[in-house]
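Notes for the one structure printed next.
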Amino acid sequence: MSASTADVLVVGAGPAGATAARTLAAAGARVRLLDRARFPRNKPCGGAISMRVLGRFPYLGAALDRIPTHRISRLYLESPGRDSILVRSPLPAALMIRRFEFDDLLVRLALEAGAELVEGAEIAQARATGSGIELKTRRGERFIAPRVIAADGVYSVIARRLGINPGWRRTAVALDMMEETPNDVLSSVDPDMLWVAYGYGGSEGYSYVFPKRDHVNVGIGYVLDYYKAKVEQSPYDLQTSFVSALRDRGVVAGRSSRAHFTPYQIPVAGPLRITATDRVVLAGDAGGFVNGITAEGIYYAMVTGDLAGRALAGAGARAFERLWRAEIGAELRDSVLVQRDLLATPSRIDRLVRAAHGAPTVAALIVRYAMGEVSYSTARRRLLFGSPMAALRLAFRHFRGRHRATPEASPETGAV
């Protein structure tokens, strides 16, 4: 298939791009999937996915047998003041994967559906032409198609070159500093529990320990603006201090590994105002599709990849925005509102965890909401019976956020 004969070019073969390519190929489209890497490849990521991914993508159930996975049903949540809750789910709540294996699996599923993969294609230029979108790689290769799905990450070359996203505000992106290290070097003392702390050490950040089958992901993160203004340590110095503190507390065993440490950035302020034009669709991190509370992006990447594929195989690129707003728009918007209301300062986090500690049903509801098992409106309604004042405060914040005038919002991002 020559570059000019593809119906759709998909740039980026992570969860968003690979899922989009599979959907399009299954619909009979001639789709070419481009990525700068060669698979399998490492990708920095916490690697936790809410279990609802199996309901949304039923074909994953059997496919996951091809790779190592780990399912977890216990969550430890800690506040800045060291108050904590341990929540147990009757069924597994989180699917733990390594992106090294998971992304390769999704690419293979796309190829099995009929997509074509072009590896080592690092896109450097993108421009609109009379016949569609033309892409050029650093090696001088040209690809042209009537439609493009940009799934090339938070700093999408496609979105930038075509003027869809001129840049993220520093308050809209988090710097996540993490390592994914083999268990014989660093391991979780409790491999069947997710360990999460908001406002770790009294800061406005988050931290986590995510056990995998043979690895552990340990990370700490801050909104980029906060990190640059308030944090003096370099990323890896901060990581080694964090791992040492966790080891002293008995949360992890072993040592940090510089070779497995990779800082990366995550959009945390909600989807961009514009996620589709007549010819281009932004999926996954490229469009800002990340949960503002959990920073989970894999599920939303797959959903937006699938919806992007459906839109281009059917009603057209502009239908993408209607589709994602109907399926995940409310929860992404509300996740940012809740993050800014309840998780914005250490004192608020302390109060939330203390309240949940004394009310097991509230604690369970928080986890179910964070994992996407219940909607914001359902969680708020149920919270009303367990903590009326908290529910009223959330409702007021939610109402104000939904009815804020458009000119007050950021020109780059559209969630708040």
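Letters A, B, ... go to the chains of the structure tokens in the order shown; residues in each chain start at 1; ligands are counted from 1 in the same order.
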Next item on the list: Pick out the residues sitting within 10 Å of A:Ala115, and hand them over as a list of chain:residue names; count only C-alpha atoms, and ignore anything fewer than 4 positions along from it in its own chain.
Entry: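 Contacts, with the query itself left out: A:Val10, A:Ala18, A:Ala20, A:Ala21, A:Arg22, A:Thr23, A:Leu24, A:Ala25, A:Ala26, A:Gly28, A:Ala29, A:Arg30, A:Val31, A:Arg32, A:Leu33, A:Val107, A:Arg108, A:Leu109, A:Ala110, A:Leu111.
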Using DSSP secondary structure from the backbone, list all strand (DSSP E) positions within stretch 134-287 of chain A, as a PDB file with N, CA and C atoms, in the first residue's frame.
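As a result, states_39.pdb now contains:
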ATOM      1  N   GLU A 134      -0.616  15.768   4.834  1.00  0.00           N
ATOM      2  CA  GLU A 134       0.682  15.223   4.459  1.00  0.00           C
ATOM      3  C   GLU A 134       1.600  15.228   5.677  1.00  0.00           C
ATOM      4  N   LEU A 135       2.222  14.092   5.930  1.00  0.00           N
ATOM      5  CA  LEU A 135       3.169  13.946   7.033  1.00  0.00           C
ATOM      6  C   LEU A 135       4.540  13.625   6.472  1.00  0.00           C
ATOM      7  N   LYS A 136       5.565  14.177   7.104  1.00  0.00           N
ATOM      8  CA  LYS A 136       6.932  13.876   6.731  1.00  0.00           C
ATOM      9  C   LYS A 136       7.701  13.419   7.958  1.00  0.00           C
ATOM     10  N   THR A 137       8.507  12.389   7.792  1.00  0.00           N
ATOM     11  CA  THR A 137       9.321  11.881   8.893  1.00  0.00           C
ATOM     12  C   THR A 137      10.693  12.559   8.874  1.00  0.00           C
ATOM     13  N   ARG A 142       7.343  10.419   3.129  1.00  0.00           N
ATOM     14  CA  ARG A 142       6.090  11.163   3.013  1.00  0.00           C
ATOM     15  C   ARG A 142       4.912  10.209   3.117  1.00  0.00           C
ATOM     16  N   PHE A 143       3.911  10.629   3.890  1.00  0.00           N
ATOM     17  CA  PHE A 143       2.664   9.868   4.002  1.00  0.00           C
ATOM     18  C   PHE A 143       1.512  10.842   3.820  1.00  0.00           C
ATOM     19  N   ILE A 144       0.551  10.447   3.004  1.00  0.00           N
ATOM     20  CA  ILE A 144      -0.606  11.307   2.731  1.00  0.00           C
ATOM     21  C   ILE A 144      -1.874  10.479   2.865  1.00  0.00           C
ATOM     22  N   ALA A 145      -2.883  11.068   3.494  1.00  0.00           N
ATOM     23  CA  ALA A 145      -4.186  10.407   3.589  1.00  0.00           C
ATOM     24  C   ALA A 145      -5.263  11.475   3.785  1.00  0.00           C
ATOM     25  N   ARG A 147      -7.550  11.483   5.995  1.00  0.00           N
ATOM     26  CA  ARG A 147      -7.839  11.668   7.419  1.00  0.00           C
ATOM     27  C   ARG A 147      -6.660  11.154   8.246  1.00  0.00           C
ATOM     28  N   VAL A 148      -6.468  11.795   9.399  1.00  0.00           N
ATOM     29  CA  VAL A 148      -5.397  11.410  10.313  1.00  0.00           C
ATOM     30  C   VAL A 148      -5.938  11.343  11.728  1.00  0.00           C
ATOM     31  N   ILE A 149      -5.535  10.304  12.451  1.00  0.00           N
ATOM     32  CA  ILE A 149      -5.781  10.238  13.887  1.00  0.00           C
ATOM     33  C   ILE A 149      -4.446  10.477  14.577  1.00  0.00           C
ATOM     34  N   ALA A 150      -4.365  11.554  15.343  1.00  0.00           N
ATOM     35  CA  ALA A 150      -3.156  11.884  16.092  1.00  0.00           C
ATOM     36  C   ALA A 150      -3.256  11.262  17.470  1.00  0.00           C
ATOM     37  N   VAL A 173      -0.423  20.261  33.147  1.00  0.00           N
ATOM     38  CA  VAL A 173       0.387  19.071  32.917  1.00  0.00           C
ATOM     39  C   VAL A 173       1.075  18.666  34.219  1.00  0.00           C
ATOM     40  N   ALA A 174       1.093  17.376  34.504  1.00  0.00           N
ATOM     41  CA  ALA A 174       1.806  16.861  35.675  1.00  0.00           C
ATOM     42  C   ALA A 174       3.115  16.211  35.240  1.00  0.00           C
ATOM     43  N   LEU A 175       4.159  16.416  36.064  1.00  0.00           N
ATOM     44  CA  LEU A 175       5.419  15.727  35.869  1.00  0.00           C
ATOM     45  C   LEU A 175       5.417  14.502  36.764  1.00  0.00           C
ATOM     46  N   ASP A 176       5.401  13.321  36.151  1.00  0.00           N
ATOM     47  CA  ASP A 176       5.391  12.060  36.883  1.00  0.00           C
ATOM     48  C   ASP A 176       6.788  11.457  36.813  1.00  0.00           C
ATOM     49  N   MET A 177       7.369  11.217  37.989  1.00  0.00           N
ATOM     50  CA  MET A 177       8.725  10.672  38.070  1.00  0.00           C
ATOM     51  C   MET A 177       8.625   9.254  38.622  1.00  0.00           C
ATOM     52  N   MET A 178       8.896   8.275  37.779  1.00  0.00           N
ATOM     53  CA  MET A 178       8.654   6.893  38.192  1.00  0.00           C
ATOM     54  C   MET A 178       9.698   5.939  37.634  1.00  0.00           C
ATOM     55  N   GLU A 179       9.775   4.806  38.281  1.00  0.00           N
ATOM     56  CA  GLU A 179      10.588   3.727  37.768  1.00  0.00           C
ATOM     57  C   GLU A 179       9.758   2.452  37.719  1.00  0.00           C
ATOM     58  N   GLU A 180      10.030   1.640  36.720  1.00  0.00           N
ATOM     59  CA  GLU A 180       9.426   0.322  36.603  1.00  0.00           C
ATOM     60  C   GLU A 180      10.576  -0.681  36.692  1.00  0.00           C
ATOM     61  N   THR A 181      10.725  -1.264  37.882  1.00  0.00           N
ATOM     62  CA  THR A 181      11.931  -2.001  38.232  1.00  0.00           C
ATOM     63  C   THR A 181      11.613  -3.467  38.517  1.00  0.00           C
ATOM     64  N   PRO A 182      12.449  -4.388  38.058  1.00  0.00           N
ATOM     65  CA  PRO A 182      12.224  -5.816  38.356  1.00  0.00           C
ATOM     66  C   PRO A 182      12.201  -6.085  39.863  1.00  0.00           C
ATOM     67  N   LEU A 186      13.814  -4.109  43.248  1.00  0.00           N
ATOM     68  CA  LEU A 186      12.889  -3.325  44.067  1.00  0.00           C
ATOM     69  C   LEU A 186      11.530  -3.997  44.000  1.00  0.00           C
ATOM     70  N   SER A 187      10.873  -4.113  45.136  1.00  0.00           N
ATOM     71  CA  SER A 187       9.587  -4.802  45.131  1.00  0.00           C
ATOM     72  C   SER A 187       8.659  -4.203  46.175  1.00  0.00           C
ATOM     73  N   SER A 188       7.377  -4.431  45.989  1.00  0.00           N
ATOM     74  CA  SER A 188       6.372  -4.039  46.976  1.00  0.00           C
ATOM     75  C   SER A 188       6.314  -5.104  48.063  1.00  0.00           C
ATOM     76  N   LEU A 194      -2.525  -1.837  45.991  1.00  0.00           N
ATOM     77  CA  LEU A 194      -2.100  -0.553  45.443  1.00  0.00           C
ATOM     78  C   LEU A 194      -1.884   0.413  46.601  1.00  0.00           C
ATOM     79  N   TRP A 195      -0.748   1.087  46.608  1.00  0.00           N
ATOM     80  CA  TRP A 195      -0.426   2.069  47.644  1.00  0.00           C
ATOM     81  C   TRP A 195      -0.427   3.439  46.986  1.00  0.00           C
ATOM     82  N   VAL A 196      -1.311   4.326  47.468  1.00  0.00           N
ATOM     83  CA  VAL A 196      -1.450   5.657  46.870  1.00  0.00           C
ATOM     84  C   VAL A 196      -1.479   6.701  47.979  1.00  0.00           C
ATOM     85  N   ALA A 197      -0.719   7.759  47.808  1.00  0.00           N
ATOM     86  CA  ALA A 197      -0.747   8.874  48.754  1.00  0.00           C
ATOM     87  C   ALA A 197      -0.967  10.165  47.981  1.00  0.00           C
ATOM     88  N   TYR A 198      -1.954  10.931  48.398  1.00  0.00           N
ATOM     89  CA  TYR A 198      -2.172  12.269  47.851  1.00  0.00           C
ATOM     90  C   TYR A 198      -1.558  13.279  48.817  1.00  0.00           C
ATOM     91  N   GLY A 205       1.187  17.085  45.710  1.00  0.00           N
ATOM     92  CA  GLY A 205       1.529  16.075  44.726  1.00  0.00           C
ATOM     93  C   GLY A 205       0.875  14.750  45.044  1.00  0.00           C
ATOM     94  N   TYR A 206       1.309  13.710  44.371  1.00  0.00           N
ATOM     95  CA  TYR A 206       0.780  12.366  44.585  1.00  0.00           C
ATOM     96  C   TYR A 206       1.937  11.383  44.467  1.00  0.00           C
ATOM     97  N   SER A 207       1.741  10.199  44.992  1.00  0.00           N
ATOM     98  CA  SER A 207       2.767   9.171  44.898  1.00  0.00           C
ATOM     99  C   SER A 207       2.093   7.810  44.910  1.00  0.00           C
ATOM    100  N   TYR A 208       2.817   6.787  44.452  1.00  0.00           N
ATOM    101  CA  TYR A 208       2.173   5.481  44.321  1.00  0.00           C
ATOM    102  C   TYR A 208       3.203   4.362  44.286  1.00  0.00           C
ATOM    103  N   VAL A 209       2.707   3.179  44.650  1.00  0.00           N
ATOM    104  CA  VAL A 209       3.444   1.931  44.475  1.00  0.00           C
ATOM    105  C   VAL A 209       2.475   0.963  43.818  1.00  0.00           C
ATOM    106  N   PHE A 210       2.777   0.580  42.577  1.00  0.00           N
ATOM    107  CA  PHE A 210       1.909  -0.297  41.808  1.00  0.00           C
ATOM    108  C   PHE A 210       2.635  -1.616  41.534  1.00  0.00           C
ATOM    109  N   PRO A 211       2.254  -2.695  42.224  1.00  0.00           N
ATOM    110  CA  PRO A 211       2.907  -3.989  41.970  1.00  0.00           C
ATOM    111  C   PRO A 211       2.431  -4.596  40.647  1.00  0.00           C
ATOM    112  N   HIS A 215       7.438  -6.950  38.255  1.00  0.00           N
ATOM    113  CA  HIS A 215       8.023  -5.629  38.414  1.00  0.00           C
ATOM    114  C   HIS A 215       7.214  -4.842  39.443  1.00  0.00           C
ATOM    115  N   VAL A 216       7.729  -3.677  39.790  1.00  0.00           N
ATOM    116  CA  VAL A 216       6.958  -2.734  40.589  1.00  0.00           C
ATOM    117  C   VAL A 216       7.166  -1.339  40.001  1.00  0.00           C
ATOM    118  N   ASN A 217       6.090  -0.558  39.954  1.00  0.00           N
ATOM    119  CA  ASN A 217       6.176   0.837  39.541  1.00  0.00           C
ATOM    120  C   ASN A 217       6.071   1.712  40.781  1.00  0.00           C
ATOM    121  N   VAL A 218       7.064   2.542  40.990  1.00  0.00           N
ATOM    122  CA  VAL A 218       7.086   3.459  42.123  1.00  0.00           C
ATOM    123  C   VAL A 218       7.287   4.860  41.572  1.00  0.00           C
ATOM    124  N   GLY A 219       6.398   5.778  41.947  1.00  0.00           N
ATOM    125  CA  GLY A 219       6.499   7.110  41.373  1.00  0.00           C
ATOM    126  C   GLY A 219       5.962   8.190  42.270  1.00  0.00           C
ATOM    127  N   ILE A 220       6.358   9.408  41.960  1.00  0.00           N
ATOM    128  CA  ILE A 220       5.876  10.594  42.654  1.00  0.00           C
ATOM    129  C   ILE A 220       5.680  11.682  41.606  1.00  0.00           C
ATOM    130  N   GLY A 221       4.621  12.464  41.742  1.00  0.00           N
ATOM    131  CA  GLY A 221       4.334  13.447  40.709  1.00  0.00           C
ATOM    132  C   GLY A 221       3.760  14.739  41.250  1.00  0.00           C
ATOM    133  N   TYR A 222       3.932  15.793  40.464  1.00  0.00           N
ATOM    134  CA  TYR A 222       3.418  17.115  40.805  1.00  0.00           C
ATOM    135  C   TYR A 222       2.920  17.790  39.531  1.00  0.00           C
ATOM    136  N   VAL A 223       1.965  18.686  39.687  1.00  0.00           N
ATOM    137  CA  VAL A 223       1.643  19.563  38.572  1.00  0.00           C
ATOM    138  C   VAL A 223       2.917  20.329  38.228  1.00  0.00           C
ATOM    139  N   VAL A 252       8.217  -0.793  50.662  1.00  0.00           N
ATOM    140  CA  VAL A 252       8.951  -1.464  49.599  1.00  0.00           C
ATOM    141  C   VAL A 252      10.209  -2.092  50.175  1.00  0.00           C
ATOM    142  N   ALA A 253      10.787  -2.995  49.417  1.00  0.00           N
ATOM    143  CA  ALA A 253      12.060  -3.609  49.772  1.00  0.00           C
ATOM    144  C   ALA A 253      12.992  -3.490  48.574  1.00  0.00           C
ATOM    145  N   GLY A 254      14.272  -3.268  48.843  1.00  0.00           N
ATOM    146  CA  GLY A 254      15.233  -3.148  47.760  1.00  0.00           C
ATOM    147  C   GLY A 254      15.701  -1.730  47.573  1.00  0.00           C
ATOM    148  N   PHE A 261      14.407   4.319  35.616  1.00  0.00           N
ATOM    149  CA  PHE A 261      13.705   5.555  35.989  1.00  0.00           C
ATOM    150  C   PHE A 261      13.466   6.411  34.762  1.00  0.00           C
ATOM    151  N   THR A 262      12.211   6.864  34.579  1.00  0.00           N
ATOM    152  CA  THR A 262      11.867   7.699  33.426  1.00  0.00           C
ATOM    153  C   THR A 262      10.818   8.735  33.809  1.00  0.00           C
ATOM    154  N   PRO A 263      11.183  10.010  33.941  1.00  0.00           N
ATOM    155  CA  PRO A 263      10.157  11.049  34.136  1.00  0.00           C
ATOM    156  C   PRO A 263       9.361  11.240  32.846  1.00  0.00           C
ATOM    157  N   TYR A 264       8.093  11.541  32.986  1.00  0.00           N
ATOM    158  CA  TYR A 264       7.275  11.832  31.810  1.00  0.00           C
ATOM    159  C   TYR A 264       6.158  12.773  32.221  1.00  0.00           C
ATOM    160  N   GLN A 265       5.450  13.312  31.258  1.00  0.00           N
ATOM    161  CA  GLN A 265       4.417  14.301  31.551  1.00  0.00           C
ATOM    162  C   GLN A 265       3.036  13.798  31.139  1.00  0.00           C
ATOM    163  N   ILE A 266       2.035  14.222  31.922  1.00  0.00           N
ATOM    164  CA  ILE A 266       0.654  13.778  31.734  1.00  0.00           C
ATOM    165  C   ILE A 266      -0.262  15.003  31.720  1.00  0.00           C
ATOM    166  N   PRO A 267      -1.183  15.107  30.766  1.00  0.00           N
ATOM    167  CA  PRO A 267      -2.168  16.198  30.818  1.00  0.00           C
ATOM    168  C   PRO A 267      -3.220  15.885  31.881  1.00  0.00           C
ATOM    169  N   VAL A 280      -8.693  15.809  11.016  1.00  0.00           N
ATOM    170  CA  VAL A 280      -7.792  15.317  12.073  1.00  0.00           C
ATOM    171  C   VAL A 280      -8.561  15.091  13.362  1.00  0.00           C
ATOM    172  N   VAL A 281      -8.276  13.974  14.025  1.00  0.00           N
ATOM    173  CA  VAL A 281      -8.852  13.645  15.328  1.00  0.00           C
ATOM    174  C   VAL A 281      -7.710  13.434  16.308  1.00  0.00           C
ATOM    175  N   LEU A 282      -7.843  13.984  17.511  1.00  0.00           N
ATOM    176  CA  LEU A 282      -6.854  13.794  18.567  1.00  0.00           C
ATOM    177  C   LEU A 282      -7.378  12.776  19.571  1.00  0.00           C
TER     178      LEU A 282
END
Can you pull out the residues contacting stretch 294-308 of chain A? Cut-off 6 Å, using only C-alpha atoms, and skip same-chain residues under 4 positions away; I want them as an mmCIF file with all heavy atoms, in the first residue's frame.
data_model
loop_
_atom_site.group_PDB
_atom_site.id
_atom_site.type_symbol
_atom_site.label_atom_id
_atom_site.label_comp_id
_atom_site.auth_asym_id
_atom_site.auth_seq_id
_atom_site.Cartn_x
_atom_site.Cartn_y
_atom_site.Cartn_z
ATOM 1 N N PRO A 15 -1.929 2.737 23.226
ATOM 2 C CA PRO A 15 -3.304 2.234 23.363
ATOM 3 C C PRO A 15 -4.328 2.967 22.506
ATOM 4 O O PRO A 15 -5.236 2.334 21.955
ATOM 5 C CB PRO A 15 -3.577 2.418 24.863
ATOM 6 C CG PRO A 15 -2.230 2.274 25.493
ATOM 7 C CD PRO A 15 -1.291 2.944 24.540
ATOM 8 N N ALA A 16 -4.199 4.289 22.383
ATOM 9 C CA ALA A 16 -5.161 5.038 21.567
ATOM 10 C C ALA A 16 -5.006 4.703 20.089
ATOM 11 O O ALA A 16 -5.974 4.365 19.399
ATOM 12 C CB ALA A 16 -4.997 6.537 21.796
ATOM 13 N N GLY A 17 -3.775 4.806 19.584
ATOM 14 C CA GLY A 17 -3.554 4.583 18.162
ATOM 15 C C GLY A 17 -3.790 3.157 17.738
ATOM 16 O O GLY A 17 -4.412 2.899 16.692
ATOM 17 N N THR A 19 -5.720 0.926 19.158
ATOM 18 C CA THR A 19 -7.155 0.633 19.217
ATOM 19 C C THR A 19 -7.883 1.264 18.040
ATOM 20 O O THR A 19 -8.767 0.646 17.428
ATOM 21 C CB THR A 19 -7.755 1.119 20.544
ATOM 22 O OG1 THR A 19 -7.047 0.517 21.627
ATOM 23 C CG2 THR A 19 -9.230 0.758 20.645
ATOM 24 N N ALA A 20 -7.510 2.499 17.703
ATOM 25 C CA ALA A 20 -8.119 3.169 16.546
ATOM 26 C C ALA A 20 -7.851 2.379 15.270
ATOM 27 O O ALA A 20 -8.751 2.182 14.442
ATOM 28 C CB ALA A 20 -7.579 4.589 16.422
ATOM 29 N N THR A 23 -10.023 -0.755 15.146
ATOM 30 C CA THR A 23 -11.420 -0.442 14.840
ATOM 31 C C THR A 23 -11.601 -0.124 13.368
ATOM 32 O O THR A 23 -12.537 -0.611 12.721
ATOM 33 C CB THR A 23 -11.894 0.736 15.711
ATOM 34 O OG1 THR A 23 -11.826 0.368 17.092
ATOM 35 C CG2 THR A 23 -13.317 1.147 15.363
ATOM 36 N N ALA A 283 -6.628 11.710 19.808
ATOM 37 C CA ALA A 283 -7.052 10.662 20.738
ATOM 38 C C ALA A 283 -6.001 10.483 21.835
ATOM 39 O O ALA A 283 -4.826 10.818 21.653
ATOM 40 C CB ALA A 283 -7.268 9.346 19.994
ATOM 41 N N GLY A 284 -6.427 9.945 22.969
ATOM 42 C CA GLY A 284 -5.507 9.687 24.058
ATOM 43 C C GLY A 284 -4.918 10.952 24.647
ATOM 44 O O GLY A 284 -5.563 12.009 24.689
ATOM 45 N N PHE A 289 -7.056 13.354 27.231
ATOM 46 C CA PHE A 289 -8.034 12.417 27.791
ATOM 47 C C PHE A 289 -7.423 11.604 28.930
ATOM 48 O O PHE A 289 -7.025 10.446 28.759
ATOM 49 C CB PHE A 289 -8.579 11.506 26.694
ATOM 50 C CG PHE A 289 -9.355 12.237 25.637
ATOM 51 C CD1 PHE A 289 -8.789 12.502 24.397
ATOM 52 C CD2 PHE A 289 -10.645 12.681 25.897
ATOM 53 C CE1 PHE A 289 -9.507 13.186 23.417
ATOM 54 C CE2 PHE A 289 -11.371 13.373 24.919
ATOM 55 C CZ PHE A 289 -10.798 13.623 23.687
ATOM 56 N N VAL A 290 -7.346 12.235 30.094
ATOM 57 C CA VAL A 290 -6.777 11.619 31.293
ATOM 58 C C VAL A 290 -7.660 11.986 32.479
ATOM 59 O O VAL A 290 -8.152 13.116 32.577
ATOM 60 C CB VAL A 290 -5.333 12.101 31.535
ATOM 61 C CG1 VAL A 290 -4.792 11.581 32.863
ATOM 62 C CG2 VAL A 290 -4.421 11.666 30.385
ATOM 63 N N PHE A 320 -16.581 12.679 16.189
ATOM 64 C CA PHE A 320 -15.781 12.205 17.318
ATOM 65 C C PHE A 320 -16.099 12.950 18.607
ATOM 66 O O PHE A 320 -16.262 12.340 19.668
ATOM 67 C CB PHE A 320 -14.294 12.344 16.978
ATOM 68 C CG PHE A 320 -13.374 12.060 18.136
ATOM 69 C CD1 PHE A 320 -13.255 10.776 18.654
ATOM 70 C CD2 PHE A 320 -12.623 13.077 18.715
ATOM 71 C CE1 PHE A 320 -12.400 10.512 19.721
ATOM 72 C CE2 PHE A 320 -11.773 12.829 19.774
ATOM 73 C CZ PHE A 320 -11.657 11.540 20.278
#
Next item on the list: Could you find all residues in stretch 185-385 of chain A that DSSP calls helix (DSSP H, G or I) from the backbone, and write them as an MDAnalysis selection string?
Entry: chainID A and resid 200:202 224:230 235:249 258:260 284:287 298:313 319:342 346:357 360:370 376:385
Extract, using only C-alpha atoms, all DNA, RNA and protein residues at most 7 Å from stretch 117-119 of chain A, discarding same-chain residues fewer than 4 positions from it, and format them as a PDB file with C-alpha atoms, in the first residue's frame.
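Result written to selection.pdb:
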ATOM      1  CA  ARG A  32      -1.567   2.659   8.218  1.00  0.00           C
ATOM      2  CA  LEU A  33      -0.274   2.836  11.803  1.00  0.00           C
ATOM      3  CA  LEU A  34       2.898   4.915  12.227  1.00  0.00           C
ATOM      4  CA  ASP A  35       5.211   4.960  15.232  1.00  0.00           C
ATOM      5  CA  ARG A  36       8.718   6.253  15.820  1.00  0.00           C
ATOM      6  CA  ALA A  37       9.647   3.176  17.880  1.00  0.00           C
ATOM      7  CA  ARG A  38       9.986  -0.501  17.070  1.00  0.00           C
TER       8      ARG A  38
END
Would you mind listing what lies within 8 Å of A:Val353 as a JSON list (two decimals) with C-alpha atoms, in the first residue's frame, with only C-alpha atoms counted and same-chain residues fewer than 3 positions away left out?
[["chain", "number", "residue", "atom", "x", "y", "z"],
["A", 77, "LEU", "CA", -4.97, 5.49, 50.46],
["A", 78, "GLU", "CA", -2.92, 7.88, 52.59],
["A", 79, "SER", "CA", -3.29, 11.59, 53.33],
["A", 83, "ASP", "CA", -4.21, 9.22, 58.01],
["A", 84, "SER", "CA", -5.04, 6.23, 55.88],
["A", 85, "ILE", "CA", -7.76, 3.87, 54.74],
["A", 349, "ILE", "CA", -7.06, 15.70, 51.56],
["A", 350, "ASP", "CA", -6.57, 15.10, 55.28],
["A", 356, "ALA", "CA", -13.66, 8.12, 54.79],
["A", 357, "HIS", "CA", -11.77, 6.35, 57.58]]
Next item on the list: Go ahead and compute the interatomic distance for atom CA of A:Ser73 and atom CA of A:Ile293, in Å to one decimal.
Entry: 18.6 Å
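Considering only C-alpha atoms, the residue among A:Ile274, A:Leu64, A:Lys230, A:Gln239 positioned nearest to A:Pro166 is A:Ile274.
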Item checked: Atomic distance atom CA of A:Arg52 - atom CA of A:Glu112, expressed in Å with one decimal -> 23.7 Å
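Here atom CA of A:Ala319 and atom CA of A:Ala27 stand 16.4 Å from one another.
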Notebook entry, point to check: Looking at only C-alpha atoms, which of A:Ile67, A:Met193, A:Ala313, A:Ala124 is the one that sits closest to A:Arg139?
Noted result: A:Ala124
Checklist line | Using only C-alpha atoms: which of A:Val374, A:Val189, A:Leu91, A:Ala159 has the shortest distance to A:Arg247 | finding: A:Val189
Next item on the list: Would you please work out which residue, of A:Val8, A:Val231, A:Ile49, A:Ala126, is nearest to A:Met96 when using only C-alpha atoms?
Entry: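 Of A:Val8, A:Val231, A:Ile49, A:Ala126, the one nearest A:Met96 is A:Ile49, counting only C-alpha atoms.
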Item checked: Which of A:Arg255, A:Arg249, A:Arg88, A:Arg170 sits closest to A:Asp225 [using only C-alpha atoms] ->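 The closest residue to A:Asp225 is A:Arg170.
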